[in-house]
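One structure is given below, encoded as structure tokens.
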Amino acid sequence: MNPAEKYILDQPEPYRSVLLHLQVIIENTITNVDLKYKYRIPFYYIGNRPFCYLNVNIKEQFVDLGFWNAAHLTVNLEYLTTAKRKTMKSLRYKNLEEIDETILIEILKDAYTVKDKKFYK
């Protein structure tokens, strides 16, 4: 089993369900992504470049879907959090009900359009 998949399946509920749902949406929206295990979390890559990551924060009780080239994103910015980070932005979900698939898909498609840009602006 891929270590990234093991990370997802080993999470307690509701995080496991959120991660699995995000995995399906990401892989159905951006079909050329490759799920890897980097920095001790699941990371989606397009070719050799990071695209987005999934991280569980049990202490603060959310799943973080972070975007590598977040500095270049332009749609639905009001739904993204920087959480005291300088350039990284993410969507945070505490449960399945919080996932708005329309917004998520729009952000994923926007992130895909800037996939070749540098990390910083």
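Labels for the structure tokens follow display order: chains A, B, ..., residues from 1 in each chain, ligands from 1.
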- Residue neighbourhood Leu54 (chain A), 9 Å, only C-alpha atoms, exclusion window fewer than 4 positions, as a list in words: Ile8, Leu19, Leu22, Gln23, Ile41, Pro42, Phe43, Tyr44, Val63, Asp64, Leu65 and Gly66 of chain A
- Message: Using DSSP secondary structure from the backbone, list all strand (DSSP E or B) positions within chain A, as an MDAnalysis selection string.
- Response: chainID A and resid 34:38 41:46 49:57 62:67 81 89:93
For the residues in that selection, give me N, CA, C and O atoms as a short mmCIF file (atom, residue, chain, number, x, y, z; two decimals), in the first residue's frame.
```cif
data_model
loop_
_atom_site.label_atom_id
_atom_site.label_comp_id
_atom_site.auth_asym_id
_atom_site.auth_seq_id
_atom_site.Cartn_x
_atom_site.Cartn_y
_atom_site.Cartn_z
N ASP A 34 -0.49 12.80 -9.15
CA ASP A 34 0.09 11.57 -8.62
C ASP A 34 0.19 11.73 -7.10
O ASP A 34 0.81 12.68 -6.62
N LEU A 35 -0.43 10.83 -6.36
CA LEU A 35 -0.42 10.89 -4.90
C LEU A 35 0.88 10.29 -4.36
O LEU A 35 1.20 9.14 -4.62
N LYS A 36 1.64 11.13 -3.65
CA LYS A 36 2.91 10.70 -3.05
C LYS A 36 2.87 10.99 -1.55
O LYS A 36 1.98 11.67 -1.06
N TYR A 37 3.86 10.46 -0.87
CA TYR A 37 3.99 10.70 0.56
C TYR A 37 5.27 11.50 0.78
O TYR A 37 6.38 10.98 0.66
N LYS A 38 5.10 12.80 1.02
CA LYS A 38 6.23 13.72 1.21
C LYS A 38 6.01 14.51 2.48
O LYS A 38 4.87 14.88 2.80
N ILE A 41 3.16 13.60 4.94
CA ILE A 41 1.74 13.78 4.62
C ILE A 41 1.50 13.44 3.15
O ILE A 41 2.43 13.45 2.35
N PRO A 42 0.24 13.19 2.77
CA PRO A 42 -0.07 12.97 1.35
C PRO A 42 0.08 14.26 0.55
O PRO A 42 -0.45 15.30 0.94
N PHE A 43 0.82 14.18 -0.53
CA PHE A 43 1.07 15.32 -1.41
C PHE A 43 0.72 14.92 -2.82
O PHE A 43 1.15 13.87 -3.29
N TYR A 44 -0.05 15.73 -3.49
CA TYR A 44 -0.33 15.50 -4.90
C TYR A 44 0.71 16.25 -5.73
O TYR A 44 0.99 17.41 -5.47
N TYR A 45 1.24 15.54 -6.71
CA TYR A 45 2.22 16.12 -7.63
C TYR A 45 1.67 16.06 -9.04
O TYR A 45 0.92 15.15 -9.39
N ILE A 46 2.08 17.04 -9.84
CA ILE A 46 1.85 17.00 -11.28
C ILE A 46 3.24 17.00 -11.88
O ILE A 46 3.97 17.99 -11.76
N ARG A 49 6.37 18.53 -9.89
CA ARG A 49 6.02 19.71 -9.10
C ARG A 49 4.90 19.42 -8.11
O ARG A 49 3.89 18.82 -8.47
N PRO A 50 5.04 19.90 -6.87
CA PRO A 50 3.96 19.76 -5.90
C PRO A 50 2.73 20.54 -6.36
O PRO A 50 2.86 21.63 -6.93
N PHE A 51 1.56 19.99 -6.10
CA PHE A 51 0.30 20.65 -6.47
C PHE A 51 -0.49 21.04 -5.22
O PHE A 51 -0.82 22.19 -5.01
N CYS A 52 -0.79 20.06 -4.38
CA CYS A 52 -1.52 20.33 -3.14
C CYS A 52 -1.23 19.21 -2.14
O CYS A 52 -0.68 18.18 -2.49
N TYR A 53 -1.59 19.45 -0.89
CA TYR A 53 -1.35 18.43 0.14
C TYR A 53 -2.57 18.28 1.03
O TYR A 53 -3.45 19.15 1.09
N LEU A 54 -2.61 17.15 1.72
CA LEU A 54 -3.66 16.85 2.71
C LEU A 54 -3.00 16.63 4.05
O LEU A 54 -2.04 15.87 4.15
N ASN A 55 -3.50 17.29 5.07
CA ASN A 55 -2.91 17.15 6.39
C ASN A 55 -4.00 17.17 7.45
O ASN A 55 -4.92 18.00 7.39
N VAL A 56 -3.90 16.28 8.40
CA VAL A 56 -4.85 16.24 9.51
C VAL A 56 -4.23 16.92 10.72
O VAL A 56 -3.10 16.62 11.10
N ASN A 57 -4.97 17.84 11.30
CA ASN A 57 -4.56 18.48 12.54
C ASN A 57 -5.56 18.05 13.61
O ASN A 57 -6.63 18.64 13.74
N PHE A 62 -9.21 19.56 12.34
CA PHE A 62 -9.58 19.84 10.95
C PHE A 62 -8.64 19.11 10.00
O PHE A 62 -7.57 18.66 10.38
N VAL A 63 -9.10 19.03 8.76
CA VAL A 63 -8.27 18.55 7.66
C VAL A 63 -7.90 19.77 6.84
O VAL A 63 -8.75 20.58 6.50
N ASP A 64 -6.65 19.88 6.53
CA ASP A 64 -6.11 21.00 5.78
C ASP A 64 -5.82 20.54 4.35
O ASP A 64 -5.09 19.57 4.16
N LEU A 65 -6.40 21.22 3.37
CA LEU A 65 -6.08 20.99 1.97
C LEU A 65 -5.32 22.21 1.50
O LEU A 65 -5.90 23.27 1.25
N GLY A 66 -3.99 22.09 1.45
CA GLY A 66 -3.13 23.23 1.13
C GLY A 66 -2.71 23.24 -0.32
O GLY A 66 -2.50 22.18 -0.92
N PHE A 67 -2.57 24.43 -0.87
CA PHE A 67 -2.21 24.60 -2.27
C PHE A 67 -0.81 25.16 -2.39
O PHE A 67 -0.50 26.21 -1.82
N THR A 81 -7.62 30.05 3.88
CA THR A 81 -7.01 30.62 5.07
C THR A 81 -5.49 30.58 4.94
O THR A 81 -4.94 29.64 4.36
N LYS A 89 -1.78 28.84 1.37
CA LYS A 89 -3.19 29.01 1.67
C LYS A 89 -3.85 27.64 1.60
O LYS A 89 -3.41 26.76 0.86
N SER A 90 -4.93 27.48 2.37
CA SER A 90 -5.57 26.18 2.39
C SER A 90 -7.06 26.30 2.68
O SER A 90 -7.54 27.32 3.16
N LEU A 91 -7.74 25.22 2.38
CA LEU A 91 -9.13 25.03 2.77
C LEU A 91 -9.11 24.13 3.98
O LEU A 91 -8.32 23.18 4.04
N ARG A 92 -9.98 24.41 4.94
CA ARG A 92 -10.02 23.59 6.15
C ARG A 92 -11.42 23.04 6.36
O ARG A 92 -12.40 23.77 6.23
N TYR A 93 -11.45 21.75 6.70
CA TYR A 93 -12.73 21.07 6.89
C TYR A 93 -12.71 20.27 8.19
O TYR A 93 -11.77 19.53 8.46
#
```
- Task: Determine which residues of region 27-108 of chain A receive a DSSP assignment of helix (DSSP H, G or I), computed from the backbone, and state them as JSON, numbers by chain.
- Result: {"A": [27, 28, 29, 70, 71, 72, 77, 78, 79, 96, 97, 98, 101, 102, 103, 104, 105, 106, 107, 108]}
- Task: Find the residues around region 72-79 of chain A up to 9 Å (only C-alpha atoms counted), leave out those fewer than 6 positions away in its own chain, and share them as a PyMOL selection string.
- Result: chain A and resi 89-92+103-104+106-107+110-111+113-114+117-121
